Structure formats: structure tokens, C-alpha cells
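Pasted below: data36.csv, CSV, C-alpha atoms and all ligand atoms.
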```csv
chain,number,residue,atom,x,y,z
Q,1,MET,CA,-3.2,-30.5,-2.6
Q,2,PRO,CA,0.4,-31.6,-3.3
Q,3,GLN,CA,3.0,-28.9,-2.8
Q,4,GLN,CA,5.8,-28.5,-5.3
Q,5,SER,CA,8.8,-26.3,-5.5
Q,6,SER,CA,8.2,-23.0,-7.5
Q,7,GLN,CA,4.5,-23.7,-7.5
Q,8,THR,CA,2.5,-20.7,-8.6
Q,9,ILE,CA,-1.0,-19.6,-7.6
Q,10,LEU,CA,-2.1,-20.3,-11.2
Q,11,ASP,CA,-0.8,-23.9,-10.7
Q,12,VAL,CA,-3.0,-24.2,-7.7
Q,13,VAL,CA,-6.1,-23.0,-9.5
Q,14,THR,CA,-5.4,-25.3,-12.4
Q,15,TRP,CA,-4.9,-28.2,-10.0
Q,16,ILE,CA,-8.2,-27.5,-8.4
Q,17,GLN,CA,-9.9,-27.4,-11.8
Q,18,ARG,CA,-8.4,-30.7,-12.9
Q,19,HIS,CA,-8.9,-32.6,-9.7
Q,20,LEU,CA,-11.6,-31.0,-7.6
Q,21,ASP,CA,-14.0,-28.9,-9.7
Q,22,ALA,CA,-13.9,-29.3,-13.4
Q,23,GLY,CA,-16.4,-26.4,-13.8
Q,24,LEU,CA,-14.1,-23.8,-12.2
Q,25,SER,CA,-13.8,-20.8,-14.5
Q,26,TYR,CA,-10.7,-18.6,-14.6
Q,27,ARG,CA,-8.5,-16.9,-17.2
Q,28,PHE,CA,-4.9,-17.2,-18.2
Q,29,ALA,CA,-3.0,-17.4,-21.5
Q,30,CYS,CA,0.8,-16.9,-21.5
Q,31,ARG,CA,1.8,-18.2,-18.0
Q,32,VAL,CA,4.9,-16.1,-18.1
Q,33,GLY,CA,3.7,-12.6,-17.1
Q,34,MET,CA,3.2,-11.2,-20.6
Q,35,CYS,CA,-0.5,-11.3,-21.4
Q,36,GLY,CA,-2.0,-9.8,-18.2
Q,37,SER,CA,-5.0,-12.1,-18.1
Q,38,CYS,CA,-4.4,-14.1,-14.9
Q,39,ALA,CA,-4.8,-11.5,-12.2
Q,40,MET,CA,-6.7,-12.5,-9.0
Q,41,MET,CA,-6.9,-11.5,-5.4
Q,42,VAL,CA,-4.6,-13.7,-3.3
Q,43,ASN,CA,-5.0,-13.3,0.4
Q,44,GLY,CA,-6.7,-10.0,-0.3
Q,45,ILE,CA,-3.9,-8.6,-2.5
Q,46,PRO,CA,-4.2,-8.3,-6.3
Q,47,ARG,CA,-1.5,-10.4,-8.0
Q,48,TRP,CA,-0.5,-11.9,-11.4
Q,49,THR,CA,-1.1,-15.5,-10.4
Q,50,CYS,CA,1.2,-17.0,-13.0
Q,51,ARG,CA,4.2,-15.2,-11.5
Q,52,THR,CA,3.3,-15.5,-7.8
Q,53,HIS,CA,4.9,-18.3,-5.9
Q,54,VAL,CA,2.7,-20.0,-3.3
Q,55,ASN,CA,5.5,-20.1,-0.7
Q,56,LYS,CA,6.0,-16.3,-0.9
Q,57,VAL,CA,2.3,-15.5,-0.3
Q,58,MET,CA,1.0,-18.3,1.9
Q,59,ARG,CA,-0.1,-17.2,5.3
Q,60,ASP,CA,-0.7,-19.7,8.1
Q,61,ASN,CA,-0.6,-22.5,5.6
Q,62,SER,CA,-3.7,-21.1,3.9
Q,63,LEU,CA,-4.5,-19.3,0.7
Q,64,THR,CA,-7.6,-17.3,-0.2
Q,65,ILE,CA,-8.0,-16.8,-3.9
Q,66,GLU,CA,-10.8,-14.5,-5.1
Q,67,PRO,CA,-11.8,-12.7,-8.3
Q,68,LEU,CA,-10.2,-9.2,-8.9
Q,69,ARG,CA,-11.7,-6.4,-6.9
Q,70,ASN,CA,-13.6,-3.5,-8.5
Q,71,LEU,CA,-14.8,-5.5,-11.6
Q,72,PRO,CA,-18.1,-7.2,-12.2
Q,73,LEU,CA,-17.9,-11.0,-11.8
Q,74,ILE,CA,-18.8,-13.3,-14.6
Q,75,LYS,CA,-18.2,-16.6,-12.9
Q,76,ASP,CA,-15.8,-18.0,-10.2
Q,77,LEU,CA,-12.5,-16.2,-10.8
Q,78,ALA,CA,-13.3,-14.7,-14.2
Q,79,CYS,CA,-14.2,-11.0,-14.1
Q,80,ASP,CA,-15.8,-8.9,-16.8
Q,81,MET,CA,-13.0,-6.6,-18.1
Q,82,SER,CA,-15.2,-4.5,-20.4
Q,83,GLU,CA,-15.3,-1.4,-18.3
Q,84,PHE,CA,-11.6,-1.5,-17.7
Q,85,PHE,CA,-10.9,-1.6,-21.4
Q,86,GLU,CA,-13.6,0.8,-22.3
Q,87,LYS,CA,-12.0,3.4,-20.0
Q,88,TRP,CA,-8.8,3.0,-22.0
Q,89,THR,CA,-10.7,4.0,-25.1
Q,90,ASP,CA,-12.6,6.7,-23.3
Q,91,SER,CA,-9.3,8.3,-22.2
Q,92,LYS,CA,-8.0,8.0,-25.8
Q,93,GLY,CA,-5.4,5.4,-24.7
Q,94,TYR,CA,-4.5,4.7,-28.3
Q,95,PHE,CA,-1.9,6.2,-30.5
Q,96,GLN,CA,-3.1,8.6,-33.1
Q,97,GLY,CA,-0.6,9.4,-35.8
Q,98,SER,CA,-0.7,12.3,-38.3
Q,99,THR,CA,1.5,10.9,-41.0
Q,100,THR,CA,0.9,8.3,-43.7
Q,101,ARG,CA,2.9,5.5,-45.1
Q,102,HIS,CA,4.1,7.9,-47.8
Q,103,ASP,CA,5.8,10.2,-45.3
Q,104,PRO,CA,9.3,9.5,-44.1
Q,105,VAL,CA,9.6,7.4,-40.9
Q,106,SER,CA,10.0,9.7,-38.0
Q,107,THR,CA,13.2,9.4,-36.0
Q,108,LEU,CA,13.1,9.3,-32.2
Q,109,SER,CA,15.9,9.6,-29.8
Q,110,PRO,CA,15.5,7.0,-27.1
Q,111,ASN,CA,17.5,9.3,-24.8
Q,112,SER,CA,15.4,12.5,-25.1
Q,113,PRO,CA,13.9,13.4,-21.7
Q,114,GLN,CA,10.4,13.2,-23.1
Q,115,ARG,CA,10.9,9.8,-24.6
Q,116,ARG,CA,12.3,8.5,-21.3
Q,117,VAL,CA,9.1,9.6,-19.6
Q,118,ALA,CA,7.0,7.9,-22.2
Q,119,ASP,CA,9.1,4.7,-22.0
Q,120,ALA,CA,8.9,4.6,-18.2
Q,121,ALA,CA,5.1,4.2,-18.4
Q,122,THR,CA,4.8,2.1,-21.5
Q,123,GLU,CA,5.3,-1.5,-20.3
Q,124,CYS,CA,1.8,-2.1,-19.1
Q,125,ILE,CA,0.3,-5.5,-19.7
Q,126,ASN,CA,-3.4,-4.5,-19.0
Q,127,CYS,CA,-3.7,-6.8,-16.1
Q,128,ALA,CA,-6.0,-4.5,-14.1
Q,129,ILE,CA,-4.1,-5.2,-10.8
Q,130,CYS,CA,-3.8,-1.4,-10.3
Q,131,TYR,CA,-7.4,-1.0,-11.1
Q,132,ALA,CA,-8.3,-3.6,-8.4
Q,133,SER,CA,-6.1,-1.9,-5.9
Q,134,CYS,CA,-7.5,1.6,-6.3
Q,135,ASP,CA,-10.0,2.8,-3.7
Q,136,VAL,CA,-11.1,5.7,-5.8
Q,137,VAL,CA,-12.3,3.3,-8.5
Q,138,ASN,CA,-14.2,1.6,-5.7
Q,139,TRP,CA,-15.8,4.9,-4.7
Q,140,ASN,CA,-16.4,6.4,-8.1
Q,141,ARG,CA,-17.3,3.9,-10.8
Q,142,ASP,CA,-16.7,6.5,-13.4
Q,143,TYR,CA,-13.0,7.2,-12.5
Q,144,LEU,CA,-10.8,6.3,-15.5
Q,145,GLY,CA,-8.4,4.5,-13.2
Q,146,PRO,CA,-4.6,4.2,-12.9
Q,147,ALA,CA,-4.0,2.0,-16.0
Q,148,ALA,CA,-5.9,4.2,-18.5
Q,149,LEU,CA,-4.4,7.4,-17.1
Q,150,ASN,CA,-0.9,5.9,-17.1
Q,151,ARG,CA,-1.4,5.0,-20.7
Q,152,ALA,CA,-2.7,8.5,-21.5
Q,153,TRP,CA,0.4,10.0,-19.8
Q,154,SER,CA,2.7,7.8,-21.9
Q,155,LEU,CA,1.0,8.9,-25.1
Q,156,GLN,CA,1.0,12.6,-24.0
Q,157,ASN,CA,4.8,12.3,-24.1
Q,158,ASP,CA,5.0,10.6,-27.5
Q,159,GLU,CA,6.0,13.4,-29.8
Q,160,ARG,CA,4.5,11.6,-32.9
Q,161,ASP,CA,1.0,11.4,-31.4
Q,162,SER,CA,-1.4,14.0,-32.7
Q,163,ALA,CA,-4.4,13.7,-30.3
Q,164,SER,CA,-2.7,15.4,-27.3
Q,165,ALA,CA,-5.1,18.3,-26.9
Q,166,GLU,CA,-8.2,16.1,-27.0
Q,167,ARG,CA,-6.7,13.5,-24.7
Q,168,LEU,CA,-5.8,16.2,-22.2
Q,169,SER,CA,-9.3,17.6,-22.1
Q,170,VAL,CA,-10.7,14.1,-21.4
Q,171,VAL,CA,-8.2,13.3,-18.6
Q,172,ALA,CA,-9.0,16.7,-17.1
Q,173,GLY,CA,-12.7,15.9,-16.9
Q,174,ASP,CA,-14.8,14.8,-14.0
Q,175,ALA,CA,-13.7,11.2,-14.1
Q,176,GLY,CA,-10.0,12.0,-14.8
Q,177,CYS,CA,-6.7,12.6,-13.1
Q,178,HIS,CA,-7.9,15.0,-10.4
Q,179,GLN,CA,-9.7,12.2,-8.6
Q,180,CYS,CA,-6.5,10.4,-7.7
Q,181,HIS,CA,-5.4,10.6,-4.1
Q,182,SER,CA,-1.8,9.9,-4.9
Q,183,GLN,CA,-1.6,7.1,-2.2
Q,184,GLN,CA,0.2,4.8,-4.5
Q,185,GLY,CA,-1.9,1.6,-4.2
Q,186,CYS,CA,-1.5,1.1,-7.9
Q,187,ALA,CA,2.3,1.6,-7.9
Q,188,THR,CA,2.6,-0.7,-4.9
Q,189,TYR,CA,1.0,-3.6,-6.6
Q,190,CYS,CA,1.8,-3.1,-10.3
Q,191,PRO,CA,3.6,-6.4,-11.2
Q,192,ASN,CA,5.7,-4.5,-13.8
Q,193,GLU,CA,6.7,-1.9,-11.3
Q,194,LEU,CA,5.2,0.9,-13.2
Q,195,ASN,CA,4.2,4.0,-11.3
Q,196,PRO,CA,0.7,5.2,-12.4
Q,197,THR,CA,0.6,7.6,-9.4
Q,198,ALA,CA,3.6,9.5,-10.9
Q,199,SER,CA,2.0,9.4,-14.3
Q,200,ILE,CA,-1.2,10.8,-13.0
Q,201,ALA,CA,0.7,13.5,-11.1
Q,202,GLY,CA,2.4,14.3,-14.4
Q,203,LEU,CA,-1.0,14.7,-16.0
Q,204,LYS,CA,-2.2,17.0,-13.3
Q,205,ARG,CA,0.8,19.3,-13.9
Q,206,MET,CA,0.3,19.1,-17.7
Q,207,VAL,CA,-3.4,20.0,-17.3
Q,208,ALA,CA,-2.7,22.8,-15.0
Q,209,LYS,CA,-0.1,24.3,-17.4
Q,210,ALA,CA,-2.5,24.0,-20.3
Q,211,TYR,CA,-5.3,25.6,-18.3
Q,212,VAL,CA,-3.1,28.5,-17.3
Q,213,ARG,CA,-2.0,29.0,-20.9
Q,214,GLY,CA,-5.7,28.9,-22.0
Q,215,GLU,CA,-5.0,25.8,-24.1
Q,216,LEU,CA,-7.3,23.4,-22.4
Q,217,GLY,CA,-10.2,22.3,-24.6
Q,218,ALA,CA,-13.8,22.5,-23.4
Q,219,GLY,CA,-13.8,19.2,-21.5
Q,220,GLY,CA,-13.9,15.8,-23.2
Q,221,LYS,CA,-16.7,13.5,-23.9
Q,222,GLY,CA,-16.7,10.0,-22.5
Q,223,ARG,CA,-17.4,9.3,-18.8
Q,224,GLN,CA,-18.1,12.8,-17.6
Q,225,GLY,CA,-20.4,13.4,-14.7
Q,226,PRO,CA,-23.2,16.0,-14.8
Q,227,GLU,CA,-21.1,18.7,-13.1
Q,228,SER,CA,-18.1,18.2,-15.3
Q,229,ASP,CA,-18.2,21.7,-16.7
Q,230,ALA,CA,-19.2,24.9,-15.1
D,1,MET,CA,-12.6,22.4,-16.6
D,2,LEU,CA,-14.2,22.7,-13.1
D,3,GLU,CA,-11.9,20.0,-11.8
D,4,VAL,CA,-8.8,21.9,-13.0
D,5,ARG,CA,-10.1,25.1,-11.4
D,6,LEU,CA,-10.8,23.4,-8.1
D,7,TYR,CA,-7.5,21.7,-8.2
D,8,LEU,CA,-5.7,25.0,-8.7
D,9,ALA,CA,-7.8,26.7,-6.1
D,10,GLN,CA,-7.0,24.1,-3.6
D,11,ARG,CA,-3.2,24.2,-4.3
D,12,ALA,CA,-3.3,28.0,-4.2
D,13,SER,CA,-5.2,28.2,-0.9
D,14,ALA,CA,-2.8,25.7,0.6
D,15,ALA,CA,0.2,27.9,-0.5
D,16,ILE,CA,-1.4,30.9,1.1
D,17,MET,CA,-2.3,29.1,4.4
D,18,ALA,CA,1.2,27.6,5.0
D,19,PRO,CA,3.1,30.9,5.6
D,20,LEU,CA,0.2,32.4,7.5
D,21,VAL,CA,0.0,29.4,9.9
D,22,LEU,CA,3.8,29.8,10.5
D,23,ILE,CA,3.4,33.5,11.2
D,24,HIS,CA,0.5,32.8,13.6
D,25,LEU,CA,2.5,30.1,15.5
D,26,GLY,CA,5.6,32.2,15.6
D,27,VAL,CA,3.9,35.3,16.9
D,28,MET,CA,2.0,33.3,19.5
D,29,ILE,CA,5.1,31.6,20.8
D,30,TYR,CA,6.9,35.0,20.9
D,31,THR,CA,4.1,36.9,22.6
D,32,ILE,CA,3.4,34.4,25.4
D,33,GLN,CA,7.1,34.6,26.4
D,34,GLY,CA,6.4,38.0,27.8
D,35,GLY,CA,3.1,36.9,29.3
D,36,VAL,CA,0.5,39.1,27.6
D,37,ASP,CA,-3.2,38.7,28.5
D,38,ALA,CA,-6.2,38.9,26.2
D,39,ALA,CA,-6.7,42.6,26.8
D,40,GLU,CA,-3.1,43.4,25.8
D,41,ILE,CA,-3.4,41.2,22.7
D,42,LEU,CA,-6.7,43.0,21.7
D,43,GLU,CA,-4.9,46.4,22.2
D,44,ARG,CA,-2.4,45.4,19.5
D,45,THR,CA,-4.8,43.8,17.1
D,46,ARG,CA,-7.6,46.5,17.2
D,47,GLY,CA,-7.4,48.8,14.3
D,48,SER,CA,-4.4,47.0,12.9
D,49,PHE,CA,-4.6,46.7,9.1
D,50,PHE,CA,-1.8,44.1,9.1
D,51,TRP,CA,-3.5,41.7,11.5
D,52,GLY,CA,-6.9,42.2,9.8
D,53,ALA,CA,-5.4,41.4,6.4
D,54,ASN,CA,-3.4,38.5,7.8
D,55,TYR,CA,-6.3,36.7,9.4
D,56,GLY,CA,-8.8,37.8,6.8
D,57,LEU,CA,-6.7,36.2,4.1
D,58,PHE,CA,-6.3,33.1,6.2
D,59,VAL,CA,-10.0,32.8,6.7
D,60,ILE,CA,-10.7,33.1,3.0
D,61,ALA,CA,-8.0,30.5,2.2
D,62,VAL,CA,-9.3,28.1,4.8
D,63,SER,CA,-12.9,28.4,3.5
D,64,VAL,CA,-11.9,27.7,-0.1
D,65,HIS,CA,-9.6,24.8,0.9
D,66,ALA,CA,-12.0,23.1,3.3
D,67,ALA,CA,-15.0,23.5,1.0
D,68,ILE,CA,-13.2,21.8,-1.9
D,69,GLY,CA,-12.0,19.1,0.5
D,70,LEU,CA,-15.5,18.5,1.8
D,71,ARG,CA,-16.8,18.4,-1.7
D,72,ASN,CA,-14.4,15.5,-2.6
D,73,ILE,CA,-15.3,13.6,0.5
D,74,LEU,CA,-19.1,14.0,-0.1
D,75,ARG,CA,-18.6,12.9,-3.7
D,76,GLU,CA,-16.6,9.8,-2.8
D,77,TRP,CA,-18.3,8.6,0.4
D,78,LEU,CA,-21.9,9.6,-0.3
D,79,SER,CA,-21.8,9.5,-4.1
D,80,LEU,CA,-23.3,13.0,-4.2
D,81,ARG,CA,-23.2,14.6,-7.7
D,82,GLY,CA,-24.4,17.6,-9.6
D,83,ILE,CA,-26.3,20.5,-8.2
D,84,GLY,CA,-26.7,19.0,-4.7
D,85,LEU,CA,-23.0,18.6,-4.3
D,86,ALA,CA,-22.4,22.2,-5.5
D,87,ILE,CA,-25.1,23.7,-3.1
D,88,ILE,CA,-23.7,21.9,0.0
D,89,SER,CA,-20.1,22.9,-0.9
D,90,TRP,CA,-21.1,26.5,-1.4
D,91,ILE,CA,-23.1,26.6,1.8
D,92,PHE,CA,-20.2,25.2,3.7
D,93,PHE,CA,-17.9,27.7,2.1
D,94,ALA,CA,-20.2,30.6,3.0
D,95,GLY,CA,-20.6,29.4,6.6
D,96,LEU,CA,-16.9,29.1,7.2
D,97,LEU,CA,-16.2,32.4,5.6
D,98,MET,CA,-18.9,34.2,7.7
D,99,ALA,CA,-17.9,32.6,11.0
D,100,GLY,CA,-14.2,33.3,10.3
D,101,LEU,CA,-14.6,36.9,9.2
D,102,ARG,CA,-16.8,37.6,12.2
D,103,ALA,CA,-14.1,36.3,14.5
D,104,VAL,CA,-11.5,38.4,12.6
D,105,ALA,CA,-13.7,41.5,12.9
D,106,ALA,CA,-14.1,40.9,16.6
D,107,VAL,CA,-10.4,41.2,17.3
D,108,VAL,CA,-9.5,43.8,14.7
D,109,ILE,CA,-12.4,46.3,14.7
D,110,ALA,CA,-12.3,48.4,17.7
B,1,LIG,S1,-2.5,6.5,-6.5
B,1,LIG,FE1,-4.4,7.3,-7.6
B,1,LIG,S2,-4.7,5.8,-9.2
B,1,LIG,FE2,-3.2,4.9,-7.8
B,1,LIG,S3,-4.5,3.6,-6.4
B,1,LIG,FE3,-4.2,5.6,-5.5
B,1,LIG,S4,-6.0,6.8,-6.1
B,1,LIG,FE4,-5.9,5.0,-7.5
B,2,LIG,S1,-0.2,-0.3,-14.8
B,2,LIG,FE1,0.7,-2.2,-14.0
B,2,LIG,S2,-0.9,-3.0,-12.7
B,2,LIG,FE2,-1.9,-1.5,-14.0
B,2,LIG,S3,-2.6,-2.7,-15.8
B,2,LIG,FE3,-0.6,-2.0,-16.3
B,2,LIG,S4,0.8,-3.6,-15.7
B,2,LIG,FE4,-1.1,-4.0,-14.7
B,3,LIG,S1,-1.0,-15.9,-17.7
B,3,LIG,FE1,-0.3,-14.2,-18.8
B,3,LIG,S2,0.4,-12.8,-17.3
B,3,LIG,FE2,-0.2,-14.5,-16.1
```

Could you take the file, read its structure, and then write that structure out as C-alpha cells?
Ligand code: SF4
Ligand code: SF4
Ligand code: FES
Amino acid sequence: MPQQSSQTILDVVTWIQRHLDAGLSYRFACRVGMCGSCAMMVNGIPRWTCRTHVNKVMRDNSLTIEPLRNLPLIKDLACDMSEFFEKWTDSKGYFQGSTTRHDPVSTLSPNSPQRRVADAATECINCAICYASCDVVNWNRDYLGPAALNRAWSLQNDERDSASAERLSVVAGDAGCHQCHSQQGCATYCPNELNPTASIAGLKRMVAKAYVRGELGAGGKGRQGPESDA
Amino acid sequence: MLEVRLYLAQRASAAIMAPLVLIHLGVMIYTIQGGVDAAEILERTRGSFFWGANYGLFVIAVSVHAAIGLRNILREWLSLRGIGLAIISWIFFAGLLMAGLRAVAAVVIA
């Protein structure tokens, strides 16, 4: 195929679909690294293809483009993302407020230490690159995974959120933060340079403190294995 | 809750082992300078509460630590779950503990 300057992997896939195989299935939307839908394995490494330049990742003049690891395949390069998103909901990866529109708007200092921690983990685009890079996900299909746990950590540090106790008991469960080996695969490949490993380590500390203080609930629901509670 | 308990037990057992390993290495290096043989070592360890407690504690910490580590490996590599996983881990723990305490008894009890 013709090479061009600043050509991305997504350009290559699109060229193949237009010129060689009209039935090729893949996913993308924004093409500028915002939506998180275009991730694929490129020469064995998970990458956001719209922001990955061919000349940076080509090896021996060849490229191998495959669907994301650790996710069921729908067709060609399109994976089924359901389990990835379900784990977000399982780990209560959504904000739960306790005020209504009639209450005054809460004020947050962007400089408070807790807010900085929450902010550091917040710029996730749900691309599942970390999920694809994680060996523990590969071994244990129930593991909530780096993205969902990173999100949980961000919310645990949001002082307006009111579901902290429940969320903590879920991430402390059999499929939660204690499964992580802290080997930083997720942090190495996250295109937004987030560090889910550090977030998960934060959750482990938070869970340990809550346990010692007797504040940890009786284990969450969701993806818990049979031996989740003794 | 089990995961949290195991996590804390593994951290605590590591924290116990670390200084004991250093004591063990330090004393070994120190004693062989003067050239002691097995009999002389046994003479010092027999009936010693200090060495009994030192190595007894070490054996307990190792058994806890290794059993939890093995449990993780079995779970990830062999996808073992539930009661089977618990039984194998407990057996491994008990085996290590017995073998270790026997060895401690052999050098401490006269
Ligand atoms: S650090 Fe933890 S979450 Fe990240 S890839 Fe490794 S095991 Fe998975
Ligand atoms: S943490 Fe990073 S790699 Fe994982 S889904 Fe979010 S942006 Fe993608
Ligand atoms: S197409 Fe949106 S991140 Fe690549």
C-alpha cells in the first residue's frame, strides 16, 4: 500500500477496507484520540491506532494488526466490549451524588491533595488498552481489570461521591484490587499516560485501612467468586 | 473480606521474615569466621529460648507467606477455585509448618 507521511495505523486499516477488503470490520469514531474506540494490537502491542504512526511502530517493514487481546471477537478487528464496560458498572465506576438540584452547588478546591489524586486518574477514554495488556485479566476472567479499578479509585477520592463504602467492598472482593501483580503493563501502554497500577495500590491501602478500622462492608455483589467470603 | 485478610497476612509475614533472614545471615557470617562445627553450633542452640523463638517465628511466617503465594499461583495458572483451592493451600501450609517446626525442634530441644 502507498506510504504517506504521518500515516497512522487507522489509515492503513481504512485503506485496506477501501481498496482490498470492503467487508473488513473495525471500529473508530473521533480519529483524534478522544473516543477510545480504535484500539487494536499492533505488532503484539495494544495501541490507539488513530494516534499511532506507522513509521514509529513498523518492524522489518511489516505490520501485524490484530483485534485487542483479552476480549471476545465479534469480527475481524472489532471486539465485544460488553464485559469491559460491565466491569465498570460492577465496580460502581459511576458517580453517585447525595445532593439534589435544590442544594447549593458544592465547591471543590482543585488543589486539595485528594482532588489531585482523583484528577490524576480521571482522564480515561475507555479504550481497553490496559485491559488488553493485563495478564491477570487473561488468567482470571472475573478480574475487574485496570480501567474499572482506576475509575473506582478516582471516585473514591471524589469528596462529593456518596457510594464510597459500597464501592470499597466491591473492589475488595475476590475479583478486585488484590489480584493485581503491580507489574505495570497497564501503566506502560495506557495512551493517556494514566497509572492504573498506582490507583490499584491506592485501593489496596484504602481497603486495608478500612478493614483494620472495621469499616469494610460484608463484601460486594457483582463478579465475586465462590470463595469470596469466609 | 478473605482477600483483604490474606493480603494483610502476606504483608505481615513478609515484614516478620525480613529482619529474621538478616539475623540468620548475619549470625552465620559471624560464626563461620571463628570456624565452628556442627557440634559447637548445636551446643549453643540446644535449650536456647532465643533461637527457638527466632526460628519458630520464622517457620510460621514462611508457612503463611508461601501458602498464600501458592494459592495465588494455583488460582491463576490452574484456575482452581473454592473449597479445592482452600484445601490444597491449607495442606501446604500445614506441611511446611510441620517440617519447619520439626527442624527447629531438632536444633533447639536437647
Ligand atoms: S499492574 Fe495490575 S492491573 Fe496493571 S496490567 Fe499489571 S496486573 Fe493488570
Ligand atoms: S486507563 Fe488508559 S489504557 Fe485503560 S482504558 Fe483508560 S485510557 Fe485506556
Ligand atoms: S478513533 Fe477515537 S481514539 Fe482513536

Taking all atoms listed in the file and a cut-off of 6 Å, can you tell me which residues surround ligand LIG 2 (chain B), written as a PDB file with C-alpha atoms, in the coordinates of the input?
```
ATOM      1  CA  CYS Q 124       1.800  -2.100 -19.100  1.00  0.00           C
ATOM      2  CA  ILE Q 125       0.300  -5.500 -19.700  1.00  0.00           C
ATOM      3  CA  ASN Q 126      -3.400  -4.500 -19.000  1.00  0.00           C
ATOM      4  CA  CYS Q 127      -3.700  -6.800 -16.100  1.00  0.00           C
ATOM      5  CA  ALA Q 128      -6.000  -4.500 -14.100  1.00  0.00           C
ATOM      6  CA  ILE Q 129      -4.100  -5.200 -10.800  1.00  0.00           C
ATOM      7  CA  CYS Q 130      -3.800  -1.400 -10.300  1.00  0.00           C
ATOM      8  CA  ALA Q 147      -4.000   2.000 -16.000  1.00  0.00           C
ATOM      9  CA  CYS Q 190       1.800  -3.100 -10.300  1.00  0.00           C
ATOM     10  CA  PRO Q 191       3.600  -6.400 -11.200  1.00  0.00           C
ATOM     11  CA  ASN Q 192       5.700  -4.500 -13.800  1.00  0.00           C
ATOM     12  CA  LEU Q 194       5.200   0.900 -13.200  1.00  0.00           C
TER      13      LEU Q 194
END
```

**Request:** List all protein, DNA and RNA residues that have an atom no more than 9 Å from any atom of ligand LIG 1 (chain B), counting only C-alpha atoms and all ligand atoms, and report them as a ChimeraX atom specification.
**Result:** /Q:130-137,143-147,149-150,177-188,195-198,200-201

**Test item: chain D residues at most 10 Å from chain Q, counting all atoms listed in the file, as an MDAnalysis selection string** = chainID D and resid 1:8 72 75:79 81:83 85:86

**Prompt:** Excluding same-chain residues fewer than 4 positions from segment 6-21 of chain Q, what lies within 6 Å of it counting all atoms listed in the file, as a PyMOL selection string?
**Reply:** chain Q and resi 49-50+52-54

**Request:** To one decimal in Å, tell me the separation between atom CA of Val62 of chain D and atom CA of Ile87 of chain D.
**Result:** 18.2 Å

Taking only C-alpha atoms and all ligand atoms into account, list the residues no farther than 9 Å from ligand LIG 3 (chain B), as a PDB file with C-alpha atoms, in the frame of the given file.
```pdb
ATOM      1  CA  LEU Q  10      -2.100 -20.300 -11.200  1.00  0.00           C
ATOM      2  CA  ARG Q  27      -8.500 -16.900 -17.200  1.00  0.00           C
ATOM      3  CA  PHE Q  28      -4.900 -17.200 -18.200  1.00  0.00           C
ATOM      4  CA  ALA Q  29      -3.000 -17.400 -21.500  1.00  0.00           C
ATOM      5  CA  CYS Q  30       0.800 -16.900 -21.500  1.00  0.00           C
ATOM      6  CA  ARG Q  31       1.800 -18.200 -18.000  1.00  0.00           C
ATOM      7  CA  VAL Q  32       4.900 -16.100 -18.100  1.00  0.00           C
ATOM      8  CA  GLY Q  33       3.700 -12.600 -17.100  1.00  0.00           C
ATOM      9  CA  MET Q  34       3.200 -11.200 -20.600  1.00  0.00           C
ATOM     10  CA  CYS Q  35      -0.500 -11.300 -21.400  1.00  0.00           C
ATOM     11  CA  GLY Q  36      -2.000  -9.800 -18.200  1.00  0.00           C
ATOM     12  CA  SER Q  37      -5.000 -12.100 -18.100  1.00  0.00           C
ATOM     13  CA  CYS Q  38      -4.400 -14.100 -14.900  1.00  0.00           C
ATOM     14  CA  ALA Q  39      -4.800 -11.500 -12.200  1.00  0.00           C
ATOM     15  CA  TRP Q  48      -0.500 -11.900 -11.400  1.00  0.00           C
ATOM     16  CA  THR Q  49      -1.100 -15.500 -10.400  1.00  0.00           C
ATOM     17  CA  CYS Q  50       1.200 -17.000 -13.000  1.00  0.00           C
ATOM     18  CA  ARG Q  51       4.200 -15.200 -11.500  1.00  0.00           C
ATOM     19  CA  ILE Q 125       0.300  -5.500 -19.700  1.00  0.00           C
ATOM     20  CA  CYS Q 127      -3.700  -6.800 -16.100  1.00  0.00           C
TER      21      CYS Q 127
END
```

**atom CA of Asn70 of chain Q to atom CA of Arg151 of chain Q, distance in Å rounded to a single decimal** =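 If I compute the distance from atom CA of Asn70 of chain Q to atom CA of Arg151 of chain Q, I get 19.2 Å.
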
**Prompt:** Skipping near chain neighbours, those fewer than 5 positions away, what residues fall within 8 Å of Phe93 of chain D using only C-alpha atoms, listed as a PyMOL selection string?
**Reply:** chain D and resi 63-64+66-67

Let me see the file: selected residues, C-alpha atoms, as a PDB file, in the frame of the given file.
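Saved as part-v1.pdb:
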```
ATOM      1  CA  SER D  63     -12.900  28.400   3.500  1.00  0.00           C
ATOM      2  CA  VAL D  64     -11.900  27.700  -0.100  1.00  0.00           C
ATOM      3  CA  ALA D  66     -12.000  23.100   3.300  1.00  0.00           C
ATOM      4  CA  ALA D  67     -15.000  23.500   1.000  1.00  0.00           C
TER       5      ALA D  67
END
```

**Prompt:** Between atom CA of Lys87 of chain Q and atom CA of Leu168 of chain Q, what is the spacing in Å?
**Reply:** 14.4 Å

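The residue that comes closest to Arg71 of chain D, out of D:Thr31, D:Asn54, D:Gln10, D:Ser48 and on the basis of all atoms listed in the file, is D:Gln10.
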
**Request:** Tell me which protein, DNA and RNA residues are within 12 Å of Ala105 of chain D, counting all atoms listed in the file, leaving out same-chain ones fewer than 5 positions away, and put them as a PyMOL selection string.
**Result:** chain D and resi 42+45-49+51-56+59+97-100+110

Would you save the residues of that selection, restricted to C-alpha atoms, as a PDB file, in the coordinates of the input?
```pdb
ATOM      1  CA  LEU D  42      -6.700  43.000  21.700  1.00  0.00           C
ATOM      2  CA  THR D  45      -4.800  43.800  17.100  1.00  0.00           C
ATOM      3  CA  ARG D  46      -7.600  46.500  17.200  1.00  0.00           C
ATOM      4  CA  GLY D  47      -7.400  48.800  14.300  1.00  0.00           C
ATOM      5  CA  SER D  48      -4.400  47.000  12.900  1.00  0.00           C
ATOM      6  CA  PHE D  49      -4.600  46.700   9.100  1.00  0.00           C
ATOM      7  CA  TRP D  51      -3.500  41.700  11.500  1.00  0.00           C
ATOM      8  CA  GLY D  52      -6.900  42.200   9.800  1.00  0.00           C
ATOM      9  CA  ALA D  53      -5.400  41.400   6.400  1.00  0.00           C
ATOM     10  CA  ASN D  54      -3.400  38.500   7.800  1.00  0.00           C
ATOM     11  CA  TYR D  55      -6.300  36.700   9.400  1.00  0.00           C
ATOM     12  CA  GLY D  56      -8.800  37.800   6.800  1.00  0.00           C
ATOM     13  CA  VAL D  59     -10.000  32.800   6.700  1.00  0.00           C
ATOM     14  CA  LEU D  97     -16.200  32.400   5.600  1.00  0.00           C
ATOM     15  CA  MET D  98     -18.900  34.200   7.700  1.00  0.00           C
ATOM     16  CA  ALA D  99     -17.900  32.600  11.000  1.00  0.00           C
ATOM     17  CA  GLY D 100     -14.200  33.300  10.300  1.00  0.00           C
ATOM     18  CA  ALA D 110     -12.300  48.400  17.700  1.00  0.00           C
TER      19      ALA D 110
END
```

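Using all atoms listed in the file, the residues found no farther than 12 Å from Arg59 of chain Q, other than those of its own chain fewer than 4 positions away, are Val42, Asn43, Gly44, Val54, Asn55, Leu63 and Thr64 of chain Q.
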
**Asked** Of the candidates Q:Asp60, Q:Glu159, Q:Glu166, Q:Asp90, which shows the shortest atom-to-atom distance to Pro110 of chain Q, using all atoms listed in the file?
**Response**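 For Pro110 of chain Q, the nearest of the given residues is Q:Glu159.
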
**Counting all atoms listed in the file, the option among D:Ala61, D:Met28, D:Val36, D:Ile41 closest to Ala12 of chain D** = D:Ala61
